[in-house]
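As provided, protein.txt (compact mmCIF, C-alpha atoms and all ligand atoms) reads as follows.
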# COMPACT_ATOMS: atom_id res chain seq x y z
CA MET B 1 0.00 0.00 0.00
CA GLN B 2 1.17 3.53 -0.82
CA TRP B 3 1.03 5.07 2.65
CA GLU B 4 2.64 8.48 2.00
CA PRO B 5 -0.36 10.13 0.25
CA ILE B 6 -2.74 8.57 2.79
CA ILE B 7 -0.74 9.94 5.71
CA ALA B 8 -0.49 13.36 4.04
CA GLU B 9 -4.29 13.45 3.55
CA LEU B 10 -4.90 12.39 7.16
CA ARG B 11 -2.64 15.18 8.38
CA THR B 12 -4.51 17.81 6.36
CA MET B 13 -7.69 16.78 8.22
CA ALA B 14 -6.07 18.17 11.41
CA VAL B 15 -8.13 15.98 13.74
CA GLY B 16 -5.31 15.27 16.19
CA THR B 17 -1.85 13.73 16.51
CA VAL B 18 -0.71 11.49 13.65
CA ARG B 19 2.39 9.33 14.17
CA VAL B 20 4.07 7.06 11.65
CA ASP B 21 5.63 3.70 12.57
CA GLU B 22 4.66 4.20 16.21
CA PRO B 23 5.84 1.27 18.39
CA LEU B 24 2.72 -0.32 19.85
CA SER B 25 4.82 -1.63 22.74
CA ARG B 26 4.33 1.92 24.09
CA HIS B 27 0.58 1.46 24.04
CA THR B 28 0.10 -2.06 25.45
CA SER B 29 0.21 -3.21 29.05
CA PHE B 30 2.35 -6.20 27.93
CA ARG B 31 4.92 -3.65 26.63
CA ILE B 32 5.00 -5.83 23.50
CA GLY B 33 4.15 -5.03 19.88
CA GLY B 34 5.80 -3.84 16.69
CA PRO B 35 5.00 -0.55 14.94
CA ALA B 36 1.65 0.68 13.74
CA ARG B 37 2.04 2.06 10.22
CA VAL B 38 -0.11 5.02 11.33
CA PHE B 39 -1.20 5.87 14.87
CA VAL B 40 -3.81 8.59 15.20
CA GLU B 41 -5.17 10.17 18.37
CA PRO B 42 -8.15 12.37 17.50
CA GLU B 43 -8.78 15.27 19.89
CA ASP B 44 -12.55 14.91 20.22
CA MET B 45 -15.55 12.81 19.21
CA ASN B 46 -16.04 14.66 15.92
CA GLY B 47 -12.42 13.90 15.09
CA VAL B 48 -12.90 10.20 15.85
CA ILE B 49 -16.00 10.03 13.65
CA GLN B 50 -14.32 12.01 10.87
CA VAL B 51 -11.33 9.64 10.84
CA LEU B 52 -13.53 6.53 10.91
CA ASP B 53 -15.69 7.81 8.04
CA TRP B 54 -12.57 8.64 6.03
CA ILE B 55 -11.07 5.17 6.70
CA ARG B 56 -14.34 3.55 5.59
CA ASP B 57 -14.62 5.64 2.42
CA ARG B 58 -11.06 4.67 1.40
CA HIS B 59 -11.36 1.02 2.47
CA LEU B 60 -8.25 1.29 4.62
CA PRO B 61 -7.23 -1.34 7.19
CA TYR B 62 -7.68 -0.09 10.76
CA PHE B 63 -7.85 -1.09 14.34
CA ILE B 64 -9.17 0.67 17.48
CA ILE B 65 -7.08 0.79 20.62
CA GLY B 66 -8.08 1.84 24.12
CA GLN B 67 -5.43 1.31 26.79
CA GLY B 68 -4.08 -1.85 25.13
CA THR B 69 -4.57 -3.92 28.29
CA ASN B 70 -6.22 -6.89 26.60
CA ILE B 71 -4.23 -7.28 23.40
CA LEU B 72 -1.14 -9.08 22.19
CA VAL B 73 0.32 -7.29 19.17
CA SER B 74 2.54 -9.01 16.62
CA ASP B 75 6.26 -8.22 16.78
CA ARG B 76 5.95 -7.25 13.12
CA GLY B 77 3.38 -4.63 14.03
CA VAL B 78 0.28 -3.76 12.04
CA ASP B 79 0.19 -2.42 8.51
CA ALA B 80 -2.90 -0.42 9.32
CA ILE B 81 -4.21 2.77 10.90
CA VAL B 82 -4.51 2.42 14.65
CA VAL B 83 -7.09 4.84 16.06
CA SER B 84 -6.72 5.62 19.75
CA THR B 85 -9.79 6.64 21.77
CA SER B 86 -7.80 7.73 24.81
CA ARG B 87 -7.65 11.44 24.09
CA GLY B 88 -10.79 12.22 22.12
CA LEU B 89 -13.46 10.30 24.00
CA ARG B 90 -12.99 11.44 27.58
CA GLN B 91 -16.22 13.30 28.33
CA ILE B 92 -18.18 12.39 31.49
CA VAL B 93 -21.67 13.68 32.34
CA VAL B 94 -23.29 12.64 35.63
CA GLU B 95 -27.06 12.82 36.03
CA PRO B 96 -27.75 10.47 38.96
CA PRO B 97 -28.40 7.59 38.75
CA ARG B 98 -26.99 7.77 35.20
CA ILE B 99 -23.48 8.44 33.96
CA GLN B 100 -22.75 9.12 30.32
CA ALA B 101 -19.09 8.65 29.46
CA GLY B 102 -16.85 8.58 26.41
CA SER B 103 -15.35 5.22 25.56
CA GLY B 104 -11.81 6.54 26.11
CA VAL B 105 -12.49 7.18 29.83
CA LEU B 106 -10.53 4.91 32.15
CA LEU B 107 -12.73 2.46 33.96
CA THR B 108 -10.98 3.16 37.25
CA LYS B 109 -11.68 6.89 36.85
CA LEU B 110 -15.34 6.12 36.22
CA CYS B 111 -15.45 4.08 39.45
CA HIS B 112 -14.16 7.05 41.45
CA VAL B 113 -16.56 9.48 39.75
CA ALA B 114 -19.45 7.13 40.54
CA ALA B 115 -18.39 6.85 44.18
CA ARG B 116 -18.11 10.65 44.46
CA HIS B 117 -21.72 10.90 43.30
CA HIS B 118 -22.84 8.15 45.74
CA LEU B 119 -23.53 5.73 42.88
CA ALA B 120 -22.94 2.00 43.31
CA GLY B 121 -22.56 -0.73 40.68
CA LEU B 122 -19.09 -0.15 39.30
CA GLU B 123 -17.04 -1.30 42.29
CA PHE B 124 -16.21 -4.54 40.47
CA ALA B 125 -14.27 -2.54 37.90
CA ILE B 126 -11.93 -0.66 40.23
CA SER B 127 -8.92 -2.81 39.30
CA ILE B 128 -9.65 -3.39 35.61
CA PRO B 129 -7.08 -1.19 33.91
CA GLY B 130 -8.64 -0.37 30.54
CA THR B 131 -10.99 2.12 28.94
CA LEU B 132 -14.77 2.03 28.99
CA GLY B 133 -14.73 1.13 25.26
CA GLY B 134 -12.45 -1.87 25.75
CA ALA B 135 -14.58 -2.95 28.70
CA LEU B 136 -17.74 -2.84 26.56
CA VAL B 137 -16.19 -4.93 23.80
CA MET B 138 -14.88 -7.50 26.28
CA ASN B 139 -17.86 -7.28 28.64
CA ALA B 140 -15.12 -6.86 31.25
CA GLY B 141 -15.93 -8.13 34.69
CA ALA B 142 -14.71 -9.25 38.06
CA HIS B 143 -16.06 -10.20 41.48
CA GLY B 144 -19.27 -11.61 40.01
CA SER B 145 -20.31 -8.54 37.99
CA SER B 146 -19.59 -7.26 34.51
CA MET B 147 -20.45 -4.41 32.17
CA VAL B 148 -23.74 -6.01 31.14
CA ASP B 149 -25.04 -5.20 34.63
CA VAL B 150 -24.66 -1.43 34.24
CA VAL B 151 -24.88 -0.54 30.52
CA ALA B 152 -28.17 1.03 29.39
CA THR B 153 -27.23 2.30 25.92
CA VAL B 154 -24.15 2.69 23.74
CA LEU B 155 -23.52 5.27 21.04
CA VAL B 156 -21.84 3.36 18.22
CA TRP B 157 -20.18 4.15 14.93
CA ASP B 158 -21.20 1.54 12.41
CA GLN B 159 -19.41 1.10 9.11
CA ALA B 160 -22.73 0.66 7.28
CA VAL B 161 -25.12 3.11 8.96
CA GLY B 162 -22.90 5.67 10.68
CA VAL B 163 -23.53 6.86 14.25
CA HIS B 164 -26.53 5.50 16.14
CA ARG B 165 -27.51 4.49 19.65
CA ILE B 166 -28.17 0.89 20.66
CA ASP B 167 -29.70 -0.63 23.80
CA GLY B 168 -27.43 -2.63 26.06
CA ALA B 169 -29.36 -5.77 25.05
CA GLU B 170 -28.44 -5.24 21.40
CA ALA B 171 -24.78 -5.55 22.34
CA GLU B 172 -25.45 -9.22 23.21
CA PHE B 173 -23.05 -9.23 26.15
CA GLN B 174 -21.90 -12.66 27.28
CA TYR B 175 -18.98 -13.90 29.33
CA ARG B 176 -16.02 -11.87 27.94
CA GLN B 177 -17.67 -11.28 24.63
CA SER B 178 -20.12 -9.02 22.85
CA ARG B 179 -21.48 -8.24 19.43
CA PHE B 180 -18.78 -5.56 19.09
CA MET B 181 -16.35 -8.36 18.30
CA HIS B 182 -18.28 -9.56 15.28
CA GLN B 183 -19.70 -6.33 13.91
CA SER B 184 -17.92 -3.28 12.55
CA TRP B 185 -19.07 -1.28 15.59
CA ILE B 186 -16.96 1.23 17.41
CA ALA B 187 -18.20 2.33 20.84
CA LEU B 188 -18.15 6.12 21.10
CA GLU B 189 -19.85 6.56 24.47
CA ALA B 190 -22.07 4.65 26.85
CA GLU B 191 -24.83 5.47 29.28
CA LEU B 192 -24.56 3.54 32.54
CA VAL B 193 -27.35 3.18 35.08
CA LEU B 194 -26.13 2.86 38.65
CA THR B 195 -27.76 2.65 42.07
CA PRO B 196 -27.67 5.32 44.78
CA ASP B 197 -25.84 4.08 47.88
CA ASP B 198 -23.83 5.20 50.89
CA PRO B 199 -20.44 6.45 49.58
CA GLU B 200 -18.58 4.90 52.53
CA LYS B 201 -19.97 1.47 51.65
CA ILE B 202 -19.06 1.98 47.99
CA ARG B 203 -15.49 2.91 48.95
CA GLU B 204 -15.25 -0.07 51.29
CA ARG B 205 -16.23 -2.45 48.49
CA MET B 206 -13.73 -0.82 46.14
CA ALA B 207 -10.95 -1.10 48.73
CA HIS B 208 -11.83 -4.74 49.35
CA ASN B 209 -11.71 -5.57 45.63
CA MET B 210 -8.44 -3.68 45.25
CA ALA B 211 -6.81 -5.49 48.17
CA TYR B 212 -7.87 -8.87 46.76
CA ARG B 213 -6.26 -7.95 43.45
CA MET B 214 -2.98 -6.82 45.03
CA LYS B 215 -2.49 -10.10 46.84
CA SER B 216 -3.59 -12.48 44.06
CA GLN B 217 -2.20 -11.00 40.82
CA PRO B 218 1.20 -9.79 39.52
CA VAL B 219 0.09 -6.16 39.51
CA GLY B 220 3.54 -4.57 39.11
CA GLU B 221 4.71 -6.57 36.06
CA PRO B 222 3.72 -5.97 32.41
CA ASN B 223 0.87 -8.33 31.51
CA ALA B 224 -2.55 -8.35 29.86
CA GLY B 225 -4.68 -9.79 32.65
CA SER B 226 -6.14 -13.26 32.23
CA VAL B 227 -4.68 -14.85 29.13
CA PHE B 228 -7.38 -17.53 28.76
CA LYS B 229 -11.11 -17.43 29.42
CA ASN B 230 -12.40 -19.61 32.21
CA PRO B 231 -13.91 -22.77 30.70
CA LEU B 232 -16.75 -22.51 33.22
CA PRO B 233 -17.40 -24.12 35.63
CA GLU B 234 -13.63 -24.69 35.62
CA TYR B 235 -11.08 -21.93 36.17
CA ALA B 236 -8.26 -21.55 33.65
CA GLY B 237 -5.83 -20.57 36.43
CA ARG B 238 -6.49 -23.75 38.37
CA LEU B 239 -6.17 -25.99 35.27
CA ILE B 240 -2.89 -24.31 34.31
CA GLU B 241 -1.55 -24.57 37.85
CA ASN B 242 -2.45 -28.27 37.91
CA VAL B 243 -0.19 -29.01 34.93
CA GLY B 244 2.66 -27.41 36.85
CA ALA B 245 3.03 -24.48 34.45
CA LYS B 246 3.70 -21.73 36.99
CA GLY B 247 7.16 -20.36 36.22
CA TRP B 248 7.34 -21.86 32.69
CA ARG B 249 9.23 -19.53 30.38
CA GLU B 250 9.73 -18.83 26.71
CA GLY B 251 12.29 -16.08 26.29
CA ASP B 252 11.33 -13.34 28.74
CA ALA B 253 7.67 -14.41 28.87
CA GLU B 254 6.77 -16.29 32.03
CA VAL B 255 3.66 -17.95 33.44
CA SER B 256 3.29 -15.87 36.57
CA PRO B 257 4.28 -17.78 39.72
CA MET B 258 1.59 -15.67 41.45
CA HIS B 259 -1.37 -16.43 39.16
CA ALA B 260 -1.15 -19.19 36.55
CA ASN B 261 -3.57 -17.51 34.10
CA PHE B 262 -1.29 -14.47 33.82
CA ILE B 263 1.72 -14.35 31.52
CA VAL B 264 4.18 -11.62 32.47
CA ASN B 265 6.84 -9.87 30.43
CA THR B 266 9.90 -10.13 32.68
CA GLY B 267 12.12 -8.00 30.43
CA HIS B 268 12.16 -8.00 26.66
CA ALA B 269 9.54 -10.64 25.84
CA ARG B 270 8.34 -10.71 22.24
CA ALA B 271 4.84 -11.59 21.06
CA VAL B 272 6.22 -14.81 19.66
CA ASP B 273 7.46 -15.80 23.16
CA VAL B 274 3.99 -15.23 24.61
CA LEU B 275 2.44 -17.20 21.75
CA ARG B 276 4.79 -20.13 22.30
CA LEU B 277 4.06 -20.12 26.00
CA MET B 278 0.31 -19.94 25.40
CA ARG B 279 0.51 -22.89 23.02
CA ARG B 280 2.59 -24.92 25.48
CA VAL B 281 0.16 -24.23 28.31
CA ARG B 282 -2.85 -24.90 26.11
CA ARG B 283 -1.49 -28.20 24.90
CA ALA B 284 -0.55 -29.35 28.42
CA VAL B 285 -4.02 -28.55 29.77
CA TYR B 286 -5.64 -30.31 26.81
CA GLN B 287 -3.50 -33.42 27.28
CA GLN B 288 -4.30 -33.61 30.99
CA THR B 289 -7.99 -32.68 30.93
CA GLY B 290 -9.29 -32.73 27.34
CA ILE B 291 -10.31 -29.08 27.82
CA VAL B 292 -9.28 -26.60 25.11
CA LEU B 293 -8.50 -23.20 26.60
CA ARG B 294 -9.73 -20.23 24.56
CA PRO B 295 -7.77 -16.96 24.65
CA GLU B 296 -9.26 -13.96 26.41
CA VAL B 297 -6.43 -11.74 25.21
CA ARG B 298 -7.02 -10.56 21.66
CA TRP B 299 -4.39 -11.16 18.99
CA ILE B 300 -3.52 -8.24 16.73
CA GLY B 301 -1.51 -9.30 13.73
CA PRO B 302 0.03 -11.09 11.93
CA GLY B 303 1.15 -7.66 10.82
CA GLU B 304 1.09 -7.85 7.07
CA GLY B 305 -1.90 -6.66 5.10
CA GLY B 306 -3.86 -5.28 7.99
CA THR B 307 -5.13 -6.88 11.13
CA ASP B 308 -6.29 -10.38 11.95
CA THR B 309 -7.86 -10.87 15.32
CA THR B 310 -8.73 -14.51 14.77
CA TRP B 311 -6.82 -16.79 17.10
CA GLU B 312 -8.09 -19.87 15.34
CA ASN B 313 -6.34 -18.78 12.12
CA LEU B 314 -3.15 -18.39 14.07
CA TRP B 315 -3.36 -21.70 15.89
CA TYR B 316 -4.05 -23.51 12.64
CA ALA B 317 -1.43 -21.59 10.65
CA GLU B 318 1.30 -22.26 13.17
CA GLY B 319 0.04 -25.63 14.35
CA ASP B 320 -0.42 -26.22 18.07
CA GLY B 321 -1.40 -29.87 18.02
CA LEU B 322 -5.03 -29.14 18.84
CA THR B 323 -6.39 -29.05 15.32
CA ASP B 324 -8.83 -31.79 16.22
CA GLU B 325 -10.75 -29.41 18.55
C1 LIG B 401 -3.45 -6.29 35.34
C2 LIG B 401 -4.70 -6.53 34.52
C3 LIG B 401 -5.85 -6.98 35.14
C4 LIG B 401 -7.02 -7.21 34.39
N1 LIG B 401 -8.12 -7.65 35.03
C5 LIG B 401 -9.26 -7.85 34.32
C6 LIG B 401 -10.45 -8.28 34.98
O1 LIG B 401 -10.50 -8.47 36.20
N2 LIG B 401 -11.57 -8.48 34.24
C7 LIG B 401 -11.58 -8.28 32.88
O2 LIG B 401 -12.62 -8.46 32.26
N3 LIG B 401 -10.45 -7.84 32.23
C8 LIG B 401 -9.31 -7.63 32.92
N4 LIG B 401 -8.19 -7.21 32.27
C9 LIG B 401 -8.22 -7.05 30.79
C10 LIG B 401 -8.53 -5.63 30.29
O3 LIG B 401 -8.14 -4.67 31.24
C11 LIG B 401 -9.99 -5.43 29.94
O4 LIG B 401 -10.40 -6.35 28.94
C12 LIG B 401 -10.26 -4.00 29.46
O5 LIG B 401 -11.63 -3.79 29.43
C13 LIG B 401 -9.68 -3.71 28.08
O6 LIG B 401 -9.77 -2.32 27.85
P1 LIG B 401 -8.71 -1.57 26.92
O7 LIG B 401 -9.12 -0.15 26.79
O8 LIG B 401 -7.32 -1.78 27.43
O9 LIG B 401 -8.91 -2.34 25.55
P2 LIG B 401 -7.82 -2.69 24.46
O10 LIG B 401 -6.90 -3.74 24.99
O11 LIG B 401 -7.21 -1.44 23.93
O12 LIG B 401 -8.75 -3.34 23.34
C14 LIG B 401 -9.42 -4.56 23.59
C15 LIG B 401 -10.32 -4.87 22.38
O13 LIG B 401 -11.37 -3.93 22.32
C16 LIG B 401 -11.34 -3.19 21.08
N5 LIG B 401 -11.73 -1.82 21.41
C17 LIG B 401 -11.16 -0.98 22.32
N6 LIG B 401 -11.87 0.16 22.41
C18 LIG B 401 -12.91 0.03 21.54
C19 LIG B 401 -14.01 0.88 21.18
N7 LIG B 401 -14.18 2.09 21.73
N8 LIG B 401 -14.89 0.41 20.26
C20 LIG B 401 -14.74 -0.80 19.68
N9 LIG B 401 -13.70 -1.63 19.95
C21 LIG B 401 -12.81 -1.21 20.89
C22 LIG B 401 -9.93 -3.33 20.57
O14 LIG B 401 -9.89 -3.21 19.16
C23 LIG B 401 -9.58 -4.74 21.05
O15 LIG B 401 -10.11 -5.71 20.17
C24 LIG B 401 -7.01 -6.98 32.99
C25 LIG B 401 -5.84 -6.51 32.37
C26 LIG B 401 -4.69 -6.28 33.11
C27 LIG B 401 -3.46 -5.77 32.43
If you convert what's in this file into C-alpha cells, what do you get?
Ligand SMILES: Cc1cc2nc3c(=O)[nH]c(=O)nc-3n(C[C@H](O)[C@H](O)[C@H](O)COP(=O)(O)OP(=O)(O)OC[C@H]3O[C@@H](n4cnc5c(N)ncnc54)[C@H](O)[C@@H]3O)c2cc1C
Amino acid sequence: MQWEPIIAELRTMAVGTVRVDEPLSRHTSFRIGGPARVFVEPEDMNGVIQVLDWIRDRHLPYFIIGQGTNILVSDRGVDAIVVSTSRGLRQIVVEPPRIQAGSGVLLTKLCHVAARHHLAGLEFAISIPGTLGGALVMNAGAHGSSMVDVVATVLVWDQAVGVHRIDGAEAEFQYRQSRFMHQSWIALEAELVLTPDDPEKIRERMAHNMAYRMKSQPVGEPNAGSVFKNPLPEYAGRLIENVGAKGWREGDAEVSPMHANFIVNTGHARAVDVLRLMRRVRRAVYQQTGIVLRPEVRWIGPGEGGTDTTWENLWYAEGDGLTDE
C-alpha cells in the first residue's frame, strides 16, 4: 500500500496527533508489539467520527485501541491505521443515577466518579485497567459482575449506517464477549445506570476488591490480565496450575508464579514468546484434561496486510497440536 499520500491526507484533516511507525509496545500493558504504520489520536468525538468515516470511504485497514490492556500485538506490528480513543473520547456527564461517558475514559476513573456521586454498581471494575470502550467490547468483569449489569445504551459508529444508539441488550453481552467483536461497531460513548448508595460502603467495596487484586495477581509486572477465558465451571488458572506451568518460560515471557492464568513480560519478551508459551500451556491442559482453553487476550496481527484478530487462524497456521478441537 502507498502510505505516503494517505498519511499526508490524514494530516490535512487536522483531527489530532498522527504518528508514523509508532511502536505499539508503548501502548500495550504487555509492553509488547511492533510498529503501527499510522497511529492517530483524534482530539474529540467529531475527530474520531471524521477519521472513521474517512477510513471507511477509502477502504483502509484499521484497528481501534483503548489502553491496550487486553491485546497481544505481533512483533511485526500492524500495517494499518490504529485509532486511539484515549484522548478524544474522555467526556463524562453525571445525572444520577446515570453516567454518560466517552469510551476513552478509564474504567478506574469512572469508578471514582461514581463513588463521588454516591452511585454503586461499578465497584467490580476498580482494578480493571482499561478504557470504557475496551470494557464494553470484552464485557469486562470481576467479582461476580460485569459491564452487562450497568450498561443502558451505547452510542456506536457503524461502518454501514454511521452513528446511532443501541440498547445494552443489542450488544449481546456474554462472558467476555459481545457483538462488538463480530460487527464493525466502534463504541463512542455509553450510558450507565447505577444505584444510589452510601459512599462509605461503595469505597469499602472498592478497597476490598483492590486489596484482593494486590495479593492475588502480579500487579507490578507488564501483563494483559487473564490470558485464557475460564472454561466454566472450571477456572483456567487452576487448570494451568495443575499441569505445573507456573514459572514456565519462553524467552522473557513467564507464566506468573503468582497467578497461573497471567503471563508476564519479565524484560524483553516478544509476542512470539507469549504465543509459544500460550501454546505450550494450552497443549498441556488439553493433554491432561481434554479441555481446550480459549484466549481472552485478543491477537492483533500477523502484521502484514492489515489486522487479523482470529486466534483460530493463528493456531491452525502455526500448528499447536489441537487441530482436532
Ligand atoms: C493487570 C490486569 C488486570 C485485568 N483484570 C481484568 C479483569 O479483572 N476483568 C476483565 O474483564 N479484564 C481484565 N483485564 C483485561 C482488560 O483490562 C480489559 O479487557 C479491558 O476492558 C480492556 O480495555 P482496553 O481499553 O485496554 O482495551 P484494548 O486492549 O485497547 O482493546 C481490547 C479490544 O477492544 C477493542 N476496542 C477498544 N476500544 C474500543 C471501542 N471504543 N470500540 C470498539 N472496539 C474497541 C480493541 O480493538 C480490542 O479488540 C485486565 C488486564 C490487566 C493488564
Interface rows for segment 190-231 of chain B against segment 162-168 of chain B: nearest pair, Å to one decimal, 10 Å, all atoms listed in the file, as a Markdown table:
| residue | atom | partner | partner_atom | distance |
| --- | --- | --- | --- | --- |
| B:Ala190 | CA | B:Arg165 | CA | 9.0 |
| B:Glu191 | CA | B:Gly168 | CA | 9.1 |
| B:Leu192 | CA | B:Gly168 | CA | 9.4 |
Scan for residues within 12 Å of the point (-19.5, -1.2, 40.1) in the coordinates of the file, using all atoms listed in the file, and reply as a CSV table (one decimal) with C-alpha atoms, keeping the file's coordinate frame.
chain,number,residue,atom,x,y,z
B,107,LEU,CA,-12.7,2.5,34.0
B,108,THR,CA,-11.0,3.2,37.2
B,109,LYS,CA,-11.7,6.9,36.8
B,110,LEU,CA,-15.3,6.1,36.2
B,111,CYS,CA,-15.4,4.1,39.4
B,112,HIS,CA,-14.2,7.0,41.4
B,113,VAL,CA,-16.6,9.5,39.8
B,114,ALA,CA,-19.4,7.1,40.5
B,115,ALA,CA,-18.4,6.8,44.2
B,118,HIS,CA,-22.8,8.2,45.7
B,119,LEU,CA,-23.5,5.7,42.9
B,120,ALA,CA,-22.9,2.0,43.3
B,121,GLY,CA,-22.6,-0.7,40.7
B,122,LEU,CA,-19.1,-0.2,39.3
B,123,GLU,CA,-17.0,-1.3,42.3
B,124,PHE,CA,-16.2,-4.5,40.5
B,125,ALA,CA,-14.3,-2.5,37.9
B,126,ILE,CA,-11.9,-0.7,40.2
B,127,SER,CA,-8.9,-2.8,39.3
B,128,ILE,CA,-9.6,-3.4,35.6
B,140,ALA,CA,-15.1,-6.9,31.2
B,141,GLY,CA,-15.9,-8.1,34.7
B,142,ALA,CA,-14.7,-9.2,38.1
B,143,HIS,CA,-16.1,-10.2,41.5
B,144,GLY,CA,-19.3,-11.6,40.0
B,145,SER,CA,-20.3,-8.5,38.0
B,146,SER,CA,-19.6,-7.3,34.5
B,147,MET,CA,-20.4,-4.4,32.2
B,148,VAL,CA,-23.7,-6.0,31.1
B,149,ASP,CA,-25.0,-5.2,34.6
B,150,VAL,CA,-24.7,-1.4,34.2
B,151,VAL,CA,-24.9,-0.5,30.5
B,192,LEU,CA,-24.6,3.5,32.5
B,193,VAL,CA,-27.4,3.2,35.1
B,194,LEU,CA,-26.1,2.9,38.6
B,195,THR,CA,-27.8,2.6,42.1
B,196,PRO,CA,-27.7,5.3,44.8
B,197,ASP,CA,-25.8,4.1,47.9
B,201,LYS,CA,-20.0,1.5,51.6
B,202,ILE,CA,-19.1,2.0,48.0
B,203,ARG,CA,-15.5,2.9,49.0
B,205,ARG,CA,-16.2,-2.4,48.5
B,206,MET,CA,-13.7,-0.8,46.1
B,209,ASN,CA,-11.7,-5.6,45.6
Residues of chain B within 6 Å of ligand LIG 401 (chain B): nearest atom pair and distance (Å, one decimal) for each, counting all atoms listed in the file, sorted by chain and number, as a Markdown table?
| residue | atom | partner | partner_atom | distance |
| --- | --- | --- | --- | --- |
| B:Ser29 | CA | B:LIG401 | C27 | 5.6 |
| B:Phe63 | CA | B:LIG401 | O14 | 5.6 |
| B:Ile64 | CA | B:LIG401 | O14 | 4.3 |
| B:Ile65 | CA | B:LIG401 | O11 | 4.0 |
| B:Gly66 | CA | B:LIG401 | O11 | 3.4 |
| B:Gln67 | CA | B:LIG401 | O8 | 3.7 |
| B:Gly68 | CA | B:LIG401 | O11 | 3.4 |
| B:Thr69 | CA | B:LIG401 | O8 | 3.6 |
| B:Asn70 | CA | B:LIG401 | O10 | 3.6 |
| B:Ile71 | CA | B:LIG401 | O10 | 4.7 |
| B:Ser103 | CA | B:LIG401 | N7 | 5.1 |
| B:Ile128 | CA | B:LIG401 | N1 | 4.6 |
| B:Pro129 | CA | B:LIG401 | O3 | 4.5 |
| B:Gly130 | CA | B:LIG401 | O6 | 3.5 |
| B:Thr131 | CA | B:LIG401 | O7 | 3.6 |
| B:Gly133 | CA | B:LIG401 | N7 | 3.7 |
| B:Gly134 | CA | B:LIG401 | O6 | 3.4 |
| B:Ala135 | CA | B:LIG401 | O5 | 3.2 |
| B:Val137 | CA | B:LIG401 | O13 | 5.1 |
| B:Met138 | CA | B:LIG401 | O4 | 5.3 |
| B:Ala140 | CA | B:LIG401 | O2 | 3.1 |
| B:Gly141 | CA | B:LIG401 | O2 | 4.1 |
| B:Ala142 | CA | B:LIG401 | O1 | 4.7 |
| B:Trp185 | CA | B:LIG401 | C20 | 6.0 |
| B:Ile186 | CA | B:LIG401 | N8 | 3.6 |
| B:Ala187 | CA | B:LIG401 | N8 | 3.9 |
| B:Leu188 | CA | B:LIG401 | N7 | 5.7 |
| B:Val219 | CA | B:LIG401 | C1 | 5.5 |
| B:Asn223 | CA | B:LIG401 | C27 | 5.1 |
| B:Ala224 | CA | B:LIG401 | C27 | 3.8 |
| B:Gly225 | CA | B:LIG401 | C25 | 3.5 |
| B:Arg298 | CA | B:LIG401 | O15 | 5.9 |
Please report, as a Markdown table, each residue of segment 213-241 of chain B lying at most 9 Å from segment 270-288 of chain B, together with the nearest pair of atoms and the separation in Å rounded to one decimal; use all atoms listed in the file, and order rows by chain and ascending residue number.
| residue | atom | partner | partner_atom | distance |
| --- | --- | --- | --- | --- |
| B:Val227 | CA | B:Met278 | CA | 8.0 |
| B:Phe228 | CA | B:Met278 | CA | 8.7 |
| B:Leu239 | CA | B:Val285 | CA | 6.4 |
| B:Ile240 | CA | B:Val285 | CA | 6.3 |
TODO: Work out how far apart atom CA of Glu41 of chain B and atom CA of Met13 of chain B are and give it in Å to one decimal.
DONE: 12.4 Å
Task: Interatomic distance, atom CA of Ile92 of chain B to atom CA of Pro199 of chain B (Å, one decimal) - done: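 Distance reported for this atom pair: 19.2 Å.
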- [ ] One decimal, Å: what's the distance from atom CA of Glu204 of chain B over to atom CA of Asn230 of chain B, could you say?
- [x] 27.5 Å
Task: Nearest candidate to Gln159 of chain B (options B:Val255, B:Trp54, B:Met210, B:Gly267; using all atoms listed in the file) - done: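 Going through B:Val255, B:Trp54, B:Met210, B:Gly267 one by one, the smallest distance to Gln159 of chain B is for B:Trp54.
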Open item on the list: I'd like to know which of B:Trp157, B:Tyr212, B:Tyr235, B:Trp248 is closest to Met45 of chain B, using all atoms listed in the file.
Closed with: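 Among the listed residues, the smallest separation from Met45 of chain B belongs to B:Trp157.
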Open item on the list: Residues near Arg37 of chain B, anyone? I mean within 7 Å using all atoms listed in the file, not counting same-chain ones fewer than 2 positions away, as a list in words.
Closed with: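 Result of the neighbour search: Val20, Asp21, Glu22, Pro35, Phe39, Val78, Asp79, Ala80 and Ile81 of chain B.
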